[in-house]
>>> print(open('entry.csv').read())   # CSV, C-alpha atoms
chain,number,residue,atom,x,y,z
A,1,MET,CA,-51.2,-51.2,33.4
A,2,PRO,CA,-52.8,-47.8,32.7
A,3,GLY,CA,-50.7,-45.5,30.6
A,4,VAL,CA,-48.9,-42.4,31.9
A,5,THR,CA,-51.2,-39.4,32.3
A,6,ASN,CA,-50.6,-35.7,32.7
A,7,ASP,CA,-51.8,-35.8,36.3
A,8,LEU,CA,-49.2,-38.5,37.2
A,9,ILE,CA,-46.5,-36.5,35.5
A,10,LEU,CA,-47.4,-33.4,37.4
A,11,GLU,CA,-47.5,-35.3,40.6
A,12,THR,CA,-43.9,-36.6,39.9
A,13,LEU,CA,-42.7,-33.1,39.0
A,14,LYS,CA,-43.9,-31.8,42.4
A,15,SER,CA,-40.7,-33.4,43.8
A,16,VAL,CA,-38.6,-31.0,41.6
A,17,LYS,CA,-37.8,-27.8,43.6
A,18,ASP,CA,-36.7,-24.5,42.3
A,19,PRO,CA,-33.6,-23.7,44.3
A,20,GLY,CA,-34.3,-20.0,44.2
A,21,SER,CA,-37.8,-19.9,45.6
A,22,GLY,CA,-37.9,-23.3,47.3
A,23,LYS,CA,-41.2,-24.1,45.6
A,24,ASP,CA,-41.8,-27.1,43.5
A,25,ILE,CA,-42.0,-26.3,39.7
A,26,VAL,CA,-45.7,-27.3,39.5
A,27,SER,CA,-47.1,-25.1,42.2
A,28,ALA,CA,-44.8,-22.3,41.0
A,29,GLY,CA,-46.5,-22.5,37.6
A,30,MET,CA,-43.3,-23.3,35.8
A,31,VAL,CA,-44.5,-26.3,33.8
A,32,GLN,CA,-45.9,-25.3,30.5
A,33,GLY,CA,-47.2,-27.0,27.3
A,34,LEU,CA,-47.3,-30.5,28.7
A,35,GLN,CA,-48.0,-33.1,26.0
A,36,THR,CA,-48.2,-36.9,26.4
A,37,LYS,CA,-48.7,-39.4,23.6
A,38,ASP,CA,-48.0,-43.1,23.7
A,39,GLY,CA,-45.4,-42.8,26.5
A,40,HIS,CA,-43.6,-39.8,24.8
A,41,VAL,CA,-43.7,-36.8,27.1
A,42,ALA,CA,-42.7,-33.2,26.2
A,43,PHE,CA,-43.0,-30.0,28.2
A,44,ALA,CA,-41.3,-26.7,28.9
A,45,ILE,CA,-40.1,-25.2,32.2
A,46,GLU,CA,-40.5,-21.4,32.3
A,47,VAL,CA,-37.7,-19.7,34.1
A,48,ASP,CA,-36.4,-16.2,34.7
A,49,PRO,CA,-34.2,-15.3,31.8
A,50,LYS,CA,-31.5,-14.0,34.2
A,51,ARG,CA,-31.3,-17.5,35.8
A,52,GLY,CA,-31.3,-19.4,32.5
A,53,ALA,CA,-27.8,-20.9,32.8
A,54,GLU,CA,-28.1,-22.0,36.4
A,55,MET,CA,-31.4,-23.8,35.7
A,56,GLU,CA,-30.0,-26.4,33.4
A,57,PRO,CA,-29.6,-28.9,36.3
A,58,LEU,CA,-33.2,-28.4,37.2
A,59,ARG,CA,-34.2,-29.2,33.6
A,60,LYS,CA,-32.1,-32.4,33.7
A,61,GLU,CA,-33.6,-33.4,37.0
A,62,ALA,CA,-37.2,-33.0,35.8
A,63,GLU,CA,-36.4,-34.9,32.6
A,64,LYS,CA,-34.7,-37.7,34.5
A,65,LYS,CA,-37.6,-38.1,36.9
A,66,VAL,CA,-40.2,-38.2,34.2
A,67,HIS,CA,-38.3,-40.6,32.1
A,68,ALA,CA,-38.0,-43.0,35.1
A,69,MET,CA,-41.8,-43.1,35.4
A,70,PRO,CA,-43.5,-46.4,34.5
A,71,GLY,CA,-44.9,-46.2,31.0
A,72,VAL,CA,-42.7,-43.3,29.8
A,73,VAL,CA,-40.7,-44.1,26.7
A,74,SER,CA,-39.0,-40.7,26.3
A,75,ALA,CA,-39.0,-37.4,28.0
A,76,THR,CA,-38.2,-34.1,26.2
A,77,VAL,CA,-37.9,-31.1,28.5
A,78,VAL,CA,-36.8,-27.6,27.4
A,79,LEU,CA,-36.2,-24.4,29.2
A,80,THR,CA,-38.1,-21.3,28.1
A,81,ALA,CA,-37.6,-17.7,29.4
A,82,GLU,CA,-40.0,-14.9,28.7
A,83,LYS,CA,-38.9,-11.4,29.3
A,84,LYS,CA,-41.5,-9.2,31.0
A,85,ALA,CA,-40.3,-6.1,29.2
A,86,GLY,CA,-42.2,-2.8,29.1
A,87,PRO,CA,-43.0,-1.1,25.7
A,88,ALA,CA,-40.1,0.3,23.9
A,89,PRO,CA,-40.3,3.9,22.7
A,90,GLY,CA,-42.7,4.0,19.8
A,91,ALA,CA,-44.4,0.7,20.6
A,92,GLN,CA,-48.2,0.9,20.3
A,93,GLY,CA,-50.7,-0.3,22.8
A,94,GLY,CA,-48.0,-1.1,25.4
A,95,ARG,CA,-47.0,-4.3,23.5
A,96,PRO,CA,-43.4,-5.4,24.3
A,97,THR,CA,-41.2,-5.3,21.3
A,98,GLN,CA,-39.4,-8.5,22.4
A,99,PRO,CA,-41.9,-11.3,23.3
A,100,GLY,CA,-39.1,-13.5,24.7
A,101,GLN,CA,-35.9,-15.4,24.0
A,102,PRO,CA,-35.0,-19.0,24.6
A,103,VAL,CA,-32.4,-19.8,27.2
A,104,PRO,CA,-29.1,-19.9,25.2
A,105,PRO,CA,-27.1,-23.1,25.2
A,106,LYS,CA,-23.6,-23.1,26.7
A,107,ALA,CA,-21.2,-20.9,24.8
A,108,GLY,CA,-19.0,-22.7,22.4
A,109,GLY,CA,-21.0,-25.9,22.3
A,110,ASP,CA,-21.6,-27.6,19.0
A,111,ILE,CA,-25.3,-27.9,18.2
A,112,LEU,CA,-24.9,-30.0,15.0
A,113,PRO,CA,-21.2,-31.1,15.0
A,114,GLY,CA,-21.5,-33.6,12.3
A,115,VAL,CA,-23.6,-31.6,9.8
A,116,ARG,CA,-21.6,-30.1,7.0
A,117,SER,CA,-24.3,-27.7,5.7
A,118,ILE,CA,-27.8,-26.5,6.6
A,119,VAL,CA,-30.2,-25.2,4.0
A,120,ALA,CA,-33.6,-23.6,4.9
A,121,VAL,CA,-36.5,-24.0,2.6
A,122,ALA,CA,-38.8,-21.1,3.3
A,123,SER,CA,-41.7,-19.1,2.0
A,124,GLY,CA,-43.4,-15.9,3.0
A,125,LYS,CA,-46.8,-17.4,3.1
A,126,GLY,CA,-48.5,-20.8,3.5
A,127,GLY,CA,-50.0,-22.9,0.7
A,128,VAL,CA,-47.3,-22.5,-1.9
A,129,GLY,CA,-46.0,-26.1,-1.7
A,130,LYS,CA,-42.9,-25.4,0.5
A,131,SER,CA,-43.0,-28.7,2.4
A,132,THR,CA,-43.5,-30.7,-0.8
A,133,THR,CA,-40.5,-28.9,-2.3
A,134,ALA,CA,-38.4,-29.5,0.8
A,135,VAL,CA,-39.1,-33.2,0.8
A,136,ASN,CA,-38.4,-33.7,-2.9
A,137,LEU,CA,-35.3,-31.5,-2.7
A,138,ALA,CA,-34.0,-33.6,0.1
A,139,LEU,CA,-34.7,-36.8,-1.8
A,140,GLY,CA,-33.1,-35.3,-4.9
A,141,LEU,CA,-29.9,-34.7,-2.9
A,142,ALA,CA,-30.0,-38.2,-1.5
A,143,ALA,CA,-30.4,-39.6,-5.0
A,144,ALA,CA,-27.2,-37.9,-5.9
A,145,GLY,CA,-25.4,-39.9,-3.2
A,146,HIS,CA,-25.3,-37.3,-0.4
A,147,LYS,CA,-26.1,-38.0,3.3
A,148,VAL,CA,-29.2,-36.0,4.0
A,149,GLY,CA,-31.2,-35.0,7.1
A,150,LEU,CA,-34.7,-33.4,7.1
A,151,LEU,CA,-35.8,-31.2,10.0
A,152,ASP,CA,-39.4,-30.2,10.2
A,153,ALA,CA,-39.2,-26.8,11.8
A,154,ASP,CA,-43.0,-26.1,11.5
A,155,ILE,CA,-43.9,-26.8,15.1
A,156,TYR,CA,-47.5,-25.7,14.7
A,157,GLY,CA,-48.2,-27.6,11.4
A,158,PRO,CA,-45.7,-30.5,11.1
A,159,SER,CA,-46.2,-32.4,7.9
A,160,MET,CA,-43.0,-34.5,7.5
A,161,PRO,CA,-44.4,-37.7,9.2
A,162,ARG,CA,-47.1,-38.0,6.6
A,163,MET,CA,-45.2,-36.8,3.6
A,164,MET,CA,-42.2,-39.1,4.4
A,165,GLY,CA,-44.5,-42.0,5.1
A,166,ILE,CA,-43.1,-42.5,8.6
A,167,SER,CA,-45.2,-43.6,11.6
A,168,GLY,CA,-44.3,-44.4,15.2
A,169,ARG,CA,-42.1,-42.6,17.7
A,170,PRO,CA,-38.4,-42.0,17.9
A,171,ASN,CA,-36.3,-44.3,20.2
A,172,SER,CA,-33.9,-43.1,22.9
A,173,VAL,CA,-31.2,-45.5,24.0
A,174,ASP,CA,-29.9,-43.3,26.8
A,175,GLY,CA,-33.0,-41.3,27.7
A,176,LYS,CA,-31.2,-38.1,26.8
A,177,THR,CA,-31.0,-38.1,23.1
A,178,LEU,CA,-33.4,-39.3,20.4
A,179,ASP,CA,-32.6,-41.3,17.3
A,180,PRO,CA,-34.0,-39.7,14.2
A,181,MET,CA,-36.7,-41.5,12.2
A,182,GLN,CA,-35.6,-42.7,8.8
A,183,ASN,CA,-37.2,-43.5,5.4
A,184,TYR,CA,-35.9,-43.4,1.8
A,185,GLY,CA,-32.4,-43.1,3.1
A,186,ILE,CA,-33.0,-39.8,4.9
A,187,LYS,CA,-32.9,-39.0,8.6
A,188,VAL,CA,-36.0,-37.1,9.7
A,189,MET,CA,-37.1,-35.3,12.9
A,190,SER,CA,-40.4,-33.6,13.5
A,191,ILE,CA,-42.5,-32.6,16.5
A,192,GLY,CA,-45.2,-34.5,14.7
A,193,PHE,CA,-43.5,-37.8,15.9
A,194,MET,CA,-44.2,-36.8,19.5
A,195,VAL,CA,-47.9,-35.8,19.3
A,196,ASP,CA,-50.9,-37.0,17.4
A,197,GLU,CA,-51.3,-35.2,14.0
A,198,GLU,CA,-54.7,-33.8,15.1
A,199,THR,CA,-53.4,-32.4,18.4
A,200,PRO,CA,-52.8,-28.6,18.2
A,201,MET,CA,-49.5,-27.3,19.6
A,202,ILE,CA,-50.6,-24.5,21.8
A,203,TRP,CA,-47.1,-23.2,22.6
A,204,ARG,CA,-45.8,-19.6,22.8
A,205,GLY,CA,-42.9,-18.3,20.8
A,206,PRO,CA,-40.1,-19.0,23.3
A,207,MET,CA,-41.3,-22.6,23.7
A,208,VAL,CA,-41.2,-23.1,20.0
A,209,GLN,CA,-37.6,-21.7,19.9
A,210,SER,CA,-36.4,-24.0,22.6
A,211,ALA,CA,-38.1,-27.0,21.0
A,212,LEU,CA,-36.4,-26.3,17.7
A,213,GLU,CA,-33.0,-26.1,19.4
A,214,GLN,CA,-33.6,-29.4,21.2
A,215,MET,CA,-34.6,-31.2,18.0
A,216,MET,CA,-31.2,-30.2,16.7
A,217,ARG,CA,-29.0,-30.5,19.8
A,218,ASP,CA,-30.6,-33.6,21.4
A,219,VAL,CA,-31.0,-35.8,18.3
A,220,ASN,CA,-28.4,-38.2,17.1
A,221,TRP,CA,-28.1,-36.8,13.6
A,222,GLY,CA,-24.6,-38.3,13.0
A,223,GLU,CA,-22.6,-37.3,9.9
A,224,LEU,CA,-24.6,-35.4,7.3
A,225,ASP,CA,-23.6,-33.7,4.1
A,226,VAL,CA,-26.6,-31.5,4.3
A,227,MET,CA,-29.6,-30.9,6.5
A,228,ILE,CA,-32.7,-29.5,4.8
A,229,VAL,CA,-34.9,-27.5,7.1
A,230,ASP,CA,-38.6,-27.2,6.2
A,231,MET,CA,-39.4,-23.8,7.7
A,232,PRO,CA,-42.9,-22.7,8.8
A,233,PRO,CA,-44.4,-19.9,6.6
A,234,GLY,CA,-43.8,-16.3,7.5
A,235,THR,CA,-41.0,-14.5,9.3
A,236,GLY,CA,-41.7,-15.2,13.0
A,237,ASP,CA,-39.9,-16.8,16.0
A,238,ALA,CA,-39.0,-20.1,14.3
A,239,GLN,CA,-37.4,-18.3,11.3
A,240,LEU,CA,-35.4,-16.0,13.5
A,241,THR,CA,-34.2,-18.9,15.7
A,242,MET,CA,-32.9,-20.7,12.7
A,243,ALA,CA,-31.4,-17.7,11.0
A,244,GLN,CA,-29.7,-16.1,14.1
A,245,ARG,CA,-28.7,-19.1,16.3
A,246,VAL,CA,-27.7,-21.6,13.6
A,247,PRO,CA,-25.2,-20.8,10.9
A,248,LEU,CA,-27.3,-21.5,7.9
A,249,THR,CA,-25.4,-22.3,4.7
A,250,GLY,CA,-28.1,-20.8,2.6
A,251,ALA,CA,-31.9,-20.4,2.1
A,252,VAL,CA,-34.2,-21.4,-0.8
A,253,ILE,CA,-37.4,-19.4,-1.3
A,254,VAL,CA,-40.5,-21.1,-2.7
A,255,SER,CA,-43.3,-19.1,-4.3
A,256,THR,CA,-46.1,-19.4,-6.7
A,257,PRO,CA,-46.2,-17.0,-9.7
A,258,GLN,CA,-48.9,-14.6,-8.6
A,259,ASP,CA,-48.1,-11.1,-7.2
A,260,ILE,CA,-49.5,-11.7,-3.7
A,261,ALA,CA,-47.4,-14.8,-3.2
A,262,LEU,CA,-44.3,-13.0,-4.6
A,263,LEU,CA,-44.9,-10.1,-2.2
A,264,ASP,CA,-44.7,-12.4,0.8
A,265,ALA,CA,-41.7,-14.3,-0.7
A,266,ARG,CA,-39.9,-11.0,-1.0
A,267,LYS,CA,-40.4,-10.5,2.7
A,268,GLY,CA,-38.9,-13.9,3.5
A,269,LEU,CA,-36.0,-13.3,1.2
A,270,ASN,CA,-35.2,-9.9,2.8
A,271,MET,CA,-35.4,-11.4,6.3
A,272,PHE,CA,-32.6,-13.8,5.4
A,273,ARG,CA,-30.6,-11.0,3.9
A,274,LYS,CA,-30.9,-8.9,7.0
A,275,VAL,CA,-29.4,-11.7,9.1
A,276,ASP,CA,-26.6,-12.4,6.6
A,277,VAL,CA,-27.9,-15.7,5.3
A,278,PRO,CA,-27.1,-16.3,1.6
A,279,VAL,CA,-30.2,-16.8,-0.5
A,280,PHE,CA,-29.5,-19.5,-3.0
A,281,GLY,CA,-32.5,-18.5,-5.2
A,282,ILE,CA,-36.2,-18.8,-5.8
A,283,ILE,CA,-38.3,-21.8,-7.0
A,284,GLU,CA,-41.5,-21.2,-8.8
A,285,ASN,CA,-44.0,-23.9,-7.6
A,286,MET,CA,-47.4,-24.5,-9.3
A,287,SER,CA,-45.9,-22.8,-12.3
A,288,TYR,CA,-48.4,-24.0,-14.8
A,289,PHE,CA,-50.9,-26.9,-15.3
A,290,LEU,CA,-50.8,-29.4,-18.2
A,291,CYS,CA,-54.2,-31.0,-18.6
A,292,PRO,CA,-53.7,-34.8,-18.7
A,293,ASP,CA,-56.7,-35.1,-21.1
A,294,ASN,CA,-55.7,-32.9,-23.9
A,295,GLY,CA,-52.2,-31.7,-23.1
A,296,LYS,CA,-53.2,-28.1,-23.1
A,297,ARG,CA,-51.3,-25.7,-20.8
A,298,TYR,CA,-53.1,-23.5,-18.3
A,299,ASP,CA,-51.2,-20.7,-16.4
A,300,ILE,CA,-53.6,-20.9,-13.4
A,301,PHE,CA,-51.6,-18.6,-11.2
A,302,GLY,CA,-49.8,-16.8,-14.0
A,303,HIS,CA,-46.4,-17.8,-15.1
A,304,GLY,CA,-42.8,-16.5,-14.8
A,305,GLY,CA,-43.4,-14.2,-11.9
A,306,ALA,CA,-40.8,-15.9,-9.7
A,307,ARG,CA,-38.2,-15.7,-12.5
A,308,ARG,CA,-38.8,-12.0,-12.9
A,309,GLU,CA,-38.7,-11.5,-9.2
A,310,ALA,CA,-35.4,-13.3,-8.9
A,311,GLU,CA,-33.9,-11.1,-11.6
A,312,ARG,CA,-35.3,-8.0,-9.9
A,313,LEU,CA,-33.9,-9.0,-6.5
A,314,GLY,CA,-30.5,-10.2,-7.9
A,315,VAL,CA,-30.8,-13.9,-6.9
A,316,ASP,CA,-30.8,-17.0,-9.0
A,317,PHE,CA,-33.9,-18.6,-10.4
A,318,LEU,CA,-33.6,-22.3,-9.4
A,319,GLY,CA,-36.4,-23.7,-11.5
A,320,GLU,CA,-40.1,-24.2,-12.0
A,321,VAL,CA,-42.3,-27.0,-10.9
A,322,PRO,CA,-45.8,-27.4,-12.6
A,323,ILE,CA,-49.0,-28.4,-10.9
A,324,GLU,CA,-49.3,-32.1,-11.4
A,325,ILE,CA,-51.8,-34.4,-9.8
A,326,PRO,CA,-49.3,-37.2,-9.1
A,327,ILE,CA,-47.1,-34.8,-7.0
A,328,ARG,CA,-50.1,-34.1,-4.7
A,329,GLU,CA,-51.2,-37.7,-4.6
A,330,HIS,CA,-47.8,-39.1,-3.7
A,331,SER,CA,-47.2,-36.3,-1.1
A,332,ASP,CA,-50.4,-37.2,0.6
A,333,ALA,CA,-49.6,-40.9,0.4
A,334,GLY,CA,-46.1,-40.5,1.9
A,335,THR,CA,-44.4,-41.7,-1.3
A,336,PRO,CA,-42.8,-38.5,-2.7
A,337,ILE,CA,-42.6,-38.4,-6.4
A,338,VAL,CA,-38.8,-38.4,-6.6
A,339,VAL,CA,-38.7,-41.9,-5.2
A,340,SER,CA,-42.1,-43.2,-6.4
A,341,MET,CA,-41.9,-42.0,-10.0
A,342,PRO,CA,-38.2,-41.3,-10.6
A,343,GLU,CA,-38.5,-41.3,-14.4
A,344,SER,CA,-41.2,-38.6,-14.4
A,345,SER,CA,-40.5,-35.1,-15.6
A,346,ALA,CA,-41.5,-33.8,-12.1
A,347,ALA,CA,-38.9,-35.9,-10.4
A,348,GLU,CA,-36.3,-34.7,-12.9
A,349,ASN,CA,-37.3,-31.1,-12.1
A,350,TYR,CA,-36.6,-31.7,-8.5
A,351,ARG,CA,-33.3,-33.5,-9.1
A,352,ASN,CA,-32.1,-30.6,-11.4
A,353,ILE,CA,-32.9,-28.1,-8.6
A,354,ALA,CA,-31.1,-30.4,-6.1
A,355,ARG,CA,-28.0,-30.4,-8.3
A,356,THR,CA,-28.0,-26.6,-8.5
A,357,VAL,CA,-28.5,-26.3,-4.7
A,358,TRP,CA,-25.6,-28.7,-4.1
A,359,THR,CA,-23.3,-26.6,-6.3
A,360,LYS,CA,-24.2,-23.6,-4.2
A,361,ILE,CA,-23.6,-25.6,-1.0
A,362,GLU,CA,-20.1,-26.6,-2.2
A,363,THR,CA,-19.3,-23.0,-3.1
A,364,ALA,CA,-20.5,-21.7,0.2
A,365,THR,CA,-18.8,-24.4,2.4
A,366,GLY,CA,-15.5,-24.6,0.6
A,367,ALA,CA,-13.4,-23.6,3.6
A,368,LYS,CA,-16.1,-23.8,6.3
A,369,ALA,CA,-15.8,-25.8,9.5
A,370,ALA,CA,-18.7,-27.8,10.8
A,371,PRO,CA,-21.7,-25.6,11.8
A,372,ARG,CA,-21.3,-24.1,15.3
A,373,ILE,CA,-24.0,-22.4,17.3
A,374,VAL,CA,-23.8,-18.6,17.5
A,375,ILE,CA,-24.5,-16.8,20.7
A,376,GLN,CA,-25.8,-13.3,20.2
>>> encode(input="entry.csv", output="structure tokens")
Amino acid sequence: MPGVTNDLILETLKSVKDPGSGKDIVSAGMVQGLQTKDGHVAFAIEVDPKRGAEMEPLRKEAEKKVHAMPGVVSATVVLTAEKKAGPAPGAQGGRPTQPGQPVPPKAGGDILPGVRSIVAVASGKGGVGKSTTAVNLALGLAAAGHKVGLLDADIYGPSMPRMMGISGRPNSVDGKTLDPMQNYGIKVMSIGFMVDEETPMIWRGPMVQSALEQMMRDVNWGELDVMIVDMPPGTGDAQLTMAQRVPLTGAVIVSTPQDIALLDARKGLNMFRKVDVPVFGIIENMSYFLCPDNGKRYDIFGHGGARREAERLGVDFLGEVPIEIPIREHSDAGTPIVVSMPESSAAENYRNIARTVWTKIETATGAKAAPRIVIQ
């Protein structure tokens, strides 16, 4: 039997009618970002932001009909609403100051009811080893006996499937929620499980925001002591979604020692401060290089810049991680160094950082209830 195709999905979706216009959602141009891989289907339905709440039944109908198609293993459908706003005073070139907002979930609903704390691992720029840090921080917390989840929030460049050594697709028992993938005792979710790793995600900001919310709301995370969120680099839509719509317990900033990386790290730190998310501290990654041949130390990117920046900004310095070939090799192989070489100095560095982060989590969550979604 031939596999499900985009054409077959679109043909099925023509039976879903927009109650406002009477048109089907395909001919009305409402279906966006359709992705199909090995029977796993994901797409967004673009709606008028004023009608967001009333369009949830339409979303469920579309998801149900696609999931019922032969060859479909799971269907993930999100609502996205783009505001067609004119330029605000002072905007240049007529560019709207608000590119769009995702349709908010129902007021008062729990987005992650069983998760005690949520920690974002962020950086102002790419290429500083943020994802490697997030993975080994999560594994360091798990090694200490905590129940840990790992959410890959980098929609455009998901790396968790490879770094965590996980292949395959998530299961869905009821066709409504997905079971997270698991390895090394950690629950993991990433858009990379839904699409091929070489397939580009050509999604606009509101679609990214909605997908992020669904990877939290519609996944059976269960009871977790902490969820580590691997943020995409920068200070864009995904970062604001996590910072404004989910009550983050805190954020960890990853930077390399040189000035240009620290400048971008400063922007990321200040973004969290502006939205009242506590910054636990800064980690200096690629801090130095010890040559395995002669033991000589080389400060390739300088050294100590992140420590000085932490002092200047009034946040804690969480630790430094040197450049080590095994860290890179094991990350690429899906066998992170904390679990593959637990006796190494690099693994001990990550576990020390994890202990410090856990202390900060305990301080921050002392009297907190389980995280609840915030409607703004």
>>> closest_residue(input="entry.csv", among="A:Met69, A:Val357, A:Leu313, A:Val321", to="Lys267 of chain A", atoms="all atoms listed in the file")
A:Leu313
>>> closest_residue(input="entry.csv", among="A:Leu224, A:Met286, A:Ala364, A:Ala211", to="Ile327 of chain A", atoms="all atoms listed in the file")
A:Met286
>>> atom_distance(input="entry.csv", atom1="atom CA of Glu46 of chain A", atom2="atom CA of Gly126 of chain A")
29.9 Å
>>> closest_residue(input="entry.csv", among="A:Glu213, A:Ala144, A:Ala122, A:Gly127", to="Val77 of chain A", atoms="all atoms listed in the file")
A:Glu213
>>> residues_near_point(input="entry.csv", point="(-43.4, -15.2, -9.4)", cutoff="8 Å", atoms="all atoms listed in the file", output="ChimeraX atom specification")
/A:255-259,261-262,284,303-309
>>> atom_distance(input="entry.csv", atom1="atom CA of Gln239 of chain A", atom2="atom CA of Pro336 of chain A")
25.2 Å
>>> atom_distance(input="entry.csv", atom1="atom CA of Leu13 of chain A", atom2="atom CA of Lys176 of chain A")
17.5 Å
>>> residues_around(input="entry.csv", residues="segment 358-362 of chain A", least_positions_apart="3", cutoff="10 Å", atoms="all atoms listed in the file", output="list of chain:residue names")
A:Arg116, A:Ser117, A:Ile118, A:Val119, A:Leu141, A:Ala144, A:His146, A:Asp225, A:Val226, A:Thr249, A:Gly250, A:Pro278, A:Val279, A:Phe280, A:Gly281, A:Asn352, A:Ile353, A:Ala354, A:Arg355, A:Thr365, A:Gly366, A:Ala367, A:Lys368
>>> write_last_selection(input="entry.csv", atoms="C-alpha atoms", output="PDB file, in the coordinates of the input")
ATOM      1  CA  ARG A 116     -21.600 -30.100   7.000  1.00  0.00           C
ATOM      2  CA  SER A 117     -24.300 -27.700   5.700  1.00  0.00           C
ATOM      3  CA  ILE A 118     -27.800 -26.500   6.600  1.00  0.00           C
ATOM      4  CA  VAL A 119     -30.200 -25.200   4.000  1.00  0.00           C
ATOM      5  CA  LEU A 141     -29.900 -34.700  -2.900  1.00  0.00           C
ATOM      6  CA  ALA A 144     -27.200 -37.900  -5.900  1.00  0.00           C
ATOM      7  CA  HIS A 146     -25.300 -37.300  -0.400  1.00  0.00           C
ATOM      8  CA  ASP A 225     -23.600 -33.700   4.100  1.00  0.00           C
ATOM      9  CA  VAL A 226     -26.600 -31.500   4.300  1.00  0.00           C
ATOM     10  CA  THR A 249     -25.400 -22.300   4.700  1.00  0.00           C
ATOM     11  CA  GLY A 250     -28.100 -20.800   2.600  1.00  0.00           C
ATOM     12  CA  PRO A 278     -27.100 -16.300   1.600  1.00  0.00           C
ATOM     13  CA  VAL A 279     -30.200 -16.800  -0.500  1.00  0.00           C
ATOM     14  CA  PHE A 280     -29.500 -19.500  -3.000  1.00  0.00           C
ATOM     15  CA  GLY A 281     -32.500 -18.500  -5.200  1.00  0.00           C
ATOM     16  CA  ASN A 352     -32.100 -30.600 -11.400  1.00  0.00           C
ATOM     17  CA  ILE A 353     -32.900 -28.100  -8.600  1.00  0.00           C
ATOM     18  CA  ALA A 354     -31.100 -30.400  -6.100  1.00  0.00           C
ATOM     19  CA  ARG A 355     -28.000 -30.400  -8.300  1.00  0.00           C
ATOM     20  CA  THR A 365     -18.800 -24.400   2.400  1.00  0.00           C
ATOM     21  CA  GLY A 366     -15.500 -24.600   0.600  1.00  0.00           C
ATOM     22  CA  ALA A 367     -13.400 -23.600   3.600  1.00  0.00           C
ATOM     23  CA  LYS A 368     -16.100 -23.800   6.300  1.00  0.00           C
TER      24      LYS A 368
END
>>> closest_residue(input="entry.csv", among="A:Gln214, A:Asn285, A:Thr36, A:Asn183", to="Val339 of chain A", atoms="all atoms listed in the file")
A:Asn183
>>> residues_around(input="entry.csv", residues="Thr335 of chain A", least_positions_apart="6", cutoff="9 Å", atoms="only C-alpha atoms", output="list in words")
Met163, Met164, Gly165 and Glu329 of chain A
>>> closest_residue(input="entry.csv", among="A:Lys187, A:His40, A:Arg297, A:Arg273", to="Gly175 of chain A", atoms="only C-alpha atoms")
A:His40
>>> closest_residue(input="entry.csv", among="A:Tyr184, A:Ile283, A:Val275, A:Ile9", to="Val315 of chain A", atoms="only C-alpha atoms")
A:Ile283
>>> residues_around(input="entry.csv", residues="Arg169 of chain A", least_positions_apart="5", cutoff="9 Å", atoms="only C-alpha atoms", output="PyMOL selection string")
chain A and resi 38+40+181+193-194
>>> write_last_selection(input="entry.csv", atoms="C-alpha atoms", output="compact mmCIF listing (two decimals), keeping the file's coordinate frame")
# COMPACT_ATOMS: atom_id res chain seq x y z
CA ASP A 38 -48.00 -43.10 23.70
CA HIS A 40 -43.60 -39.80 24.80
CA MET A 181 -36.70 -41.50 12.20
CA PHE A 193 -43.50 -37.80 15.90
CA MET A 194 -44.20 -36.80 19.50
>>> residues_near_point(input="entry.csv", point="(-43.2, -44.3, 26.5)", cutoff="6 Å", atoms="only C-alpha atoms", output="list of chain:residue names")
A:Asp38, A:Gly39, A:His40, A:Gly71, A:Val72, A:Val73, A:Ser74
>>> residues_around(input="entry.csv", residues="Pro232 of chain A", least_positions_apart="6", cutoff="12 Å", atoms="only C-alpha atoms", output="PyMOL selection string")
chain A and resi 120-131+134+151-160+208+212+238-242+253-254+268
